[in-house]
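Text of start_30.txt (compact mmCIF, C-alpha atoms (C1' of nucleotides)) as supplied:
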# COMPACT_ATOMS: atom_id res chain seq x y z
CA MET A 66 -187.91 -113.63 -101.21
CA TRP A 67 -190.38 -116.24 -100.32
CA ASN A 68 -189.08 -118.49 -97.61
CA PRO A 69 -191.53 -121.28 -96.72
CA PRO A 70 -191.73 -121.35 -92.91
CA ASP A 71 -193.52 -124.67 -93.00
CA PRO A 72 -192.97 -126.80 -96.10
CA ASP A 73 -195.28 -129.44 -94.70
CA ALA A 74 -198.01 -126.85 -94.31
CA PHE A 75 -197.46 -125.76 -97.88
CA TYR A 76 -197.83 -129.32 -99.11
CA ALA A 77 -200.94 -129.71 -97.00
CA GLU A 78 -202.41 -126.65 -98.68
CA VAL A 79 -201.44 -128.05 -102.05
CA TYR A 80 -203.32 -131.25 -101.31
CA GLU A 81 -206.23 -129.21 -100.05
CA VAL A 82 -206.43 -127.17 -103.24
CA VAL A 83 -206.05 -130.27 -105.40
CA ARG A 84 -208.89 -131.92 -103.53
CA GLN A 85 -211.04 -128.90 -104.34
CA ILE A 86 -210.64 -129.46 -108.06
CA PRO A 87 -214.05 -130.59 -109.33
CA GLU A 88 -214.47 -133.65 -111.50
CA GLY A 89 -213.99 -133.15 -115.21
CA ARG A 90 -211.77 -130.14 -114.55
CA VAL A 91 -208.02 -129.71 -114.52
CA SER A 92 -205.66 -127.22 -112.95
CA THR A 93 -202.01 -126.31 -113.32
CA TYR A 94 -199.15 -126.24 -110.84
CA GLY A 95 -198.92 -122.49 -111.19
CA TRP A 96 -202.62 -122.04 -110.52
CA VAL A 97 -202.53 -124.27 -107.49
CA ALA A 98 -199.59 -122.27 -106.17
CA SER A 99 -201.52 -119.05 -106.81
CA LEU A 100 -204.55 -120.41 -104.99
CA ILE A 101 -202.46 -121.00 -101.91
CA PRO A 102 -202.34 -117.99 -99.57
CA PRO A 103 -198.94 -116.44 -100.33
CA PRO A 104 -196.96 -114.86 -97.50
CA GLU A 105 -196.96 -111.10 -97.29
CA GLY A 106 -194.18 -109.27 -99.09
CA SER A 107 -193.80 -111.92 -101.77
CA ASP A 108 -194.50 -111.20 -105.40
CA PRO A 109 -197.35 -113.29 -106.84
CA GLU A 110 -195.39 -113.85 -110.03
CA GLN A 111 -192.33 -115.12 -108.22
CA TYR A 112 -194.51 -117.05 -105.85
CA ARG A 113 -196.31 -118.80 -108.68
CA ARG A 114 -193.07 -119.78 -110.38
CA LEU A 115 -191.49 -121.12 -107.25
CA GLY A 116 -194.67 -122.65 -105.90
CA ALA A 117 -195.16 -124.65 -109.07
CA ARG A 118 -192.06 -126.64 -108.21
CA TRP A 119 -193.13 -127.25 -104.66
CA VAL A 120 -196.50 -128.41 -105.90
CA GLY A 121 -194.82 -130.86 -108.22
CA THR A 122 -192.39 -131.93 -105.54
CA ALA A 123 -195.24 -132.41 -103.11
CA LEU A 124 -197.24 -134.52 -105.54
CA ARG A 125 -194.16 -136.48 -106.53
CA SER A 126 -193.85 -138.13 -103.16
CA LEU A 127 -197.58 -138.07 -102.67
CA GLY A 128 -199.01 -141.31 -101.41
CA ASP A 129 -202.53 -140.17 -100.65
CA PRO A 130 -205.10 -141.67 -103.07
CA SER A 131 -207.70 -139.20 -101.79
CA VAL A 132 -205.84 -136.46 -103.64
CA PRO A 133 -206.86 -136.21 -107.32
CA TRP A 134 -203.32 -135.44 -108.41
CA HIS A 135 -204.23 -136.48 -111.94
CA ARG A 136 -206.23 -133.27 -112.27
CA VAL A 137 -203.04 -131.27 -111.93
CA ILE A 138 -201.09 -130.64 -115.12
CA ASN A 139 -198.50 -128.13 -116.31
CA GLY A 140 -199.13 -124.65 -117.67
CA GLN A 141 -199.04 -125.98 -121.20
CA GLY A 142 -202.20 -127.90 -120.46
CA LYS A 143 -200.34 -131.15 -120.87
CA ILE A 144 -199.30 -133.96 -118.60
CA SER A 145 -195.87 -133.16 -117.29
CA LEU A 146 -194.98 -136.78 -116.73
CA PRO A 147 -193.09 -138.53 -119.54
CA ALA A 148 -195.46 -139.87 -122.17
CA GLY A 149 -195.47 -143.61 -121.89
CA SER A 150 -195.01 -143.72 -118.17
CA SER A 151 -197.60 -145.73 -116.31
CA SER A 152 -198.38 -142.66 -114.20
CA ALA A 153 -198.86 -140.48 -117.28
CA GLN A 154 -201.11 -143.01 -118.95
CA THR A 155 -203.12 -143.45 -115.79
CA GLN A 156 -203.47 -139.71 -115.41
CA ARG A 157 -204.62 -139.20 -118.99
CA ARG A 158 -207.01 -142.10 -118.85
CA ARG A 159 -208.52 -140.85 -115.62
CA LEU A 160 -209.02 -137.38 -117.04
CA GLN A 161 -210.65 -138.77 -120.15
CA ALA A 162 -212.88 -140.89 -117.95
CA GLU A 163 -213.99 -137.68 -116.23
CA GLY A 164 -214.83 -136.07 -119.53
CA VAL A 165 -211.65 -134.10 -120.11
CA ALA A 166 -210.83 -133.97 -123.82
CA PHE A 167 -207.26 -134.19 -125.06
CA GLY A 168 -206.11 -132.48 -128.24
CA ALA A 169 -203.91 -133.91 -130.95
CA ASP A 170 -200.89 -132.88 -128.91
CA ASP A 171 -202.31 -134.60 -125.85
CA ARG A 172 -203.09 -131.12 -124.67
CA VAL A 173 -206.11 -130.07 -122.62
CA ASP A 174 -207.98 -126.86 -123.33
CA LEU A 175 -207.49 -124.97 -120.09
CA SER A 176 -209.98 -122.36 -121.30
CA GLN A 177 -212.59 -125.06 -121.22
CA PHE A 178 -211.53 -127.60 -118.63
CA GLY A 179 -209.23 -125.35 -116.67
CA TRP A 180 -210.09 -124.67 -113.04
CA PRO A 181 -210.85 -122.30 -111.52
CA ALA A 182 -212.80 -121.25 -114.58
CA THR A 183 -212.33 -117.62 -115.53
CA ASP A 184 -214.27 -117.26 -118.76
CA GLU A 185 -216.86 -119.86 -118.04
CA SER A 186 -219.52 -118.97 -115.50
CA ASP A 187 -219.08 -122.42 -114.04
C1' DC B 58 -173.69 -134.90 -95.15
C1' DG B 59 -172.40 -133.21 -100.28
C1' DT B 60 -174.07 -133.64 -104.95
C1' DT B 61 -177.73 -134.13 -108.38
C1' DT B 62 -182.07 -133.88 -109.95
C1' DG B 63 -186.72 -132.29 -110.52
C1' DA B 64 -195.07 -133.59 -111.46
C1' DC B 65 -192.27 -125.88 -113.42
C1' DT B 66 -192.21 -121.53 -115.63
C1' DA B 67 -190.54 -117.45 -118.08
C1' DC B 68 -187.46 -115.44 -121.46
C1' DG B 69 -184.36 -115.41 -125.56
C1' DC B 70 -183.41 -117.01 -130.16
C1' DC C 66 -194.04 -122.30 -132.01
C1' DG C 67 -189.99 -125.37 -130.57
C1' DC C 68 -185.46 -125.71 -128.19
C1' DG C 69 -182.15 -124.02 -124.84
C1' DT C 70 -181.01 -121.56 -120.68
C1' DA C 71 -181.72 -119.41 -116.02
C1' DG C 72 -183.82 -119.43 -111.38
C1' DC C 73 -185.59 -121.27 -107.22
C1' DC C 74 -185.39 -124.77 -103.06
C1' DA C 75 -186.48 -129.17 -101.25
C1' DA C 76 -186.22 -134.15 -101.71
C1' DA C 77 -183.74 -138.07 -103.41
C1' DC C 78 -179.23 -140.56 -103.90

I need this file expressed as structure tokens, please.
Amino acid sequence: MWNPPDPDAFYAEVYEVVRQIPEGRVSTYGWVASLIPPPEGSDPEQYRRLGARWVGTALRSLGDPSVPWHRVINGQGKISLPAGSSSAQTQRRRLQAEGVAFGADDRVDLSQFGWPATDESD
DNA sequence: CGTTTGACTACGC
DNA sequence: CGCGTAGCCAAAC
């Protein structure tokens, strides 16, 4: 089982990865967790699932404006924050300002705006 | 210091 | 494809 030796370090890596998200692109909690170097002996699948929560927890108490947290959404390609919340509206507006298109369900096409891009050559 | 919740995700129905 | 449940662990109360 994955036991984070340094939670602070994990959060720092989360912020680092989030900062690496280019403008006009979005990523998911699971992806961010996957991008972070997982400890040896831990299953990537398990790691991704668990990491997603730590990523969210890390961003929840995040107070660093230099981290583009608004580019981080859930695996459904939607803003995890409650629709109507000031944070959610700010996040969506910021993404739209960067060129990220939202669907009818307020969903973002990860195949197009998702980062890191897999299908797109980038 | 014990209890509850949570910026998630996968699986079952 | 939507809702409910299970799992994980740290932060908030």

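With distances taken over all atoms listed in the file, A:Gly95 is the one residue among A:Gly95, A:Pro109, A:Gly128, A:Pro87 lying closest to chain B.
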
_When you look at segment 70-76 of chain C with a cut-off of 8 Å (counting only C-alpha atoms (C1' of nucleotides)), what residues show up, excluding the ones that are within fewer than 5 positions of it in the same chain? I need them as a PyMOL selection string._
chain A and resi 115+119+122

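Computed from the coordinates, the atom CA of Gln141 of chain A to atom CA of Arg84 of chain A distance equals 21.1 Å.
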
*Kindly provide, as number ranges by chain, the residues of chain A having any atom no farther than 10 Å from an atom of chain B, counting only C-alpha atoms (C1' of nucleotides).*
A: 93-95, 111, 113-126, 134-135, 137-141, 144-147, 153

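A straight line drawn from atom CA of Gly164 of chain A to atom CA of Pro133 of chain A is 14.6 Å long.
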
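Rounded to one decimal, atom CA of Ser107 of chain A and atom CA of Tyr76 of chain A lie 18.1 Å from each other.
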
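The smallest atom-to-atom distance between chain C and any of A:Val91, A:Phe75, A:Gln154, A:Trp96, using only C-alpha atoms (C1' of nucleotides), is found for A:Phe75.
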
Exercise: residues within 12 Å of coordinate (-195.9, -124.7, -134.8), counting all atoms listed in the file, as a compact mmCIF listing (two decimals) with C-alpha atoms (C1' of nucleotides), keeping the file's coordinate frame:
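Full text of out_12.txt as output:
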# COMPACT_ATOMS: atom_id res chain seq x y z
CA ASP A 170 -200.89 -132.88 -128.91
C1' DC C 66 -194.04 -122.30 -132.01
C1' DG C 67 -189.99 -125.37 -130.57

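Nearest to chain C of all the residues A:Gln85, A:Gly168, A:Tyr112, A:Gly142 is A:Tyr112, based on only C-alpha atoms (C1' of nucleotides).
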
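With all atoms listed in the file as the atoms that count, the minimum distance from chain C to the choices A:Pro72, A:Pro181, A:Phe167, A:Ile101 is reached by A:Pro72.
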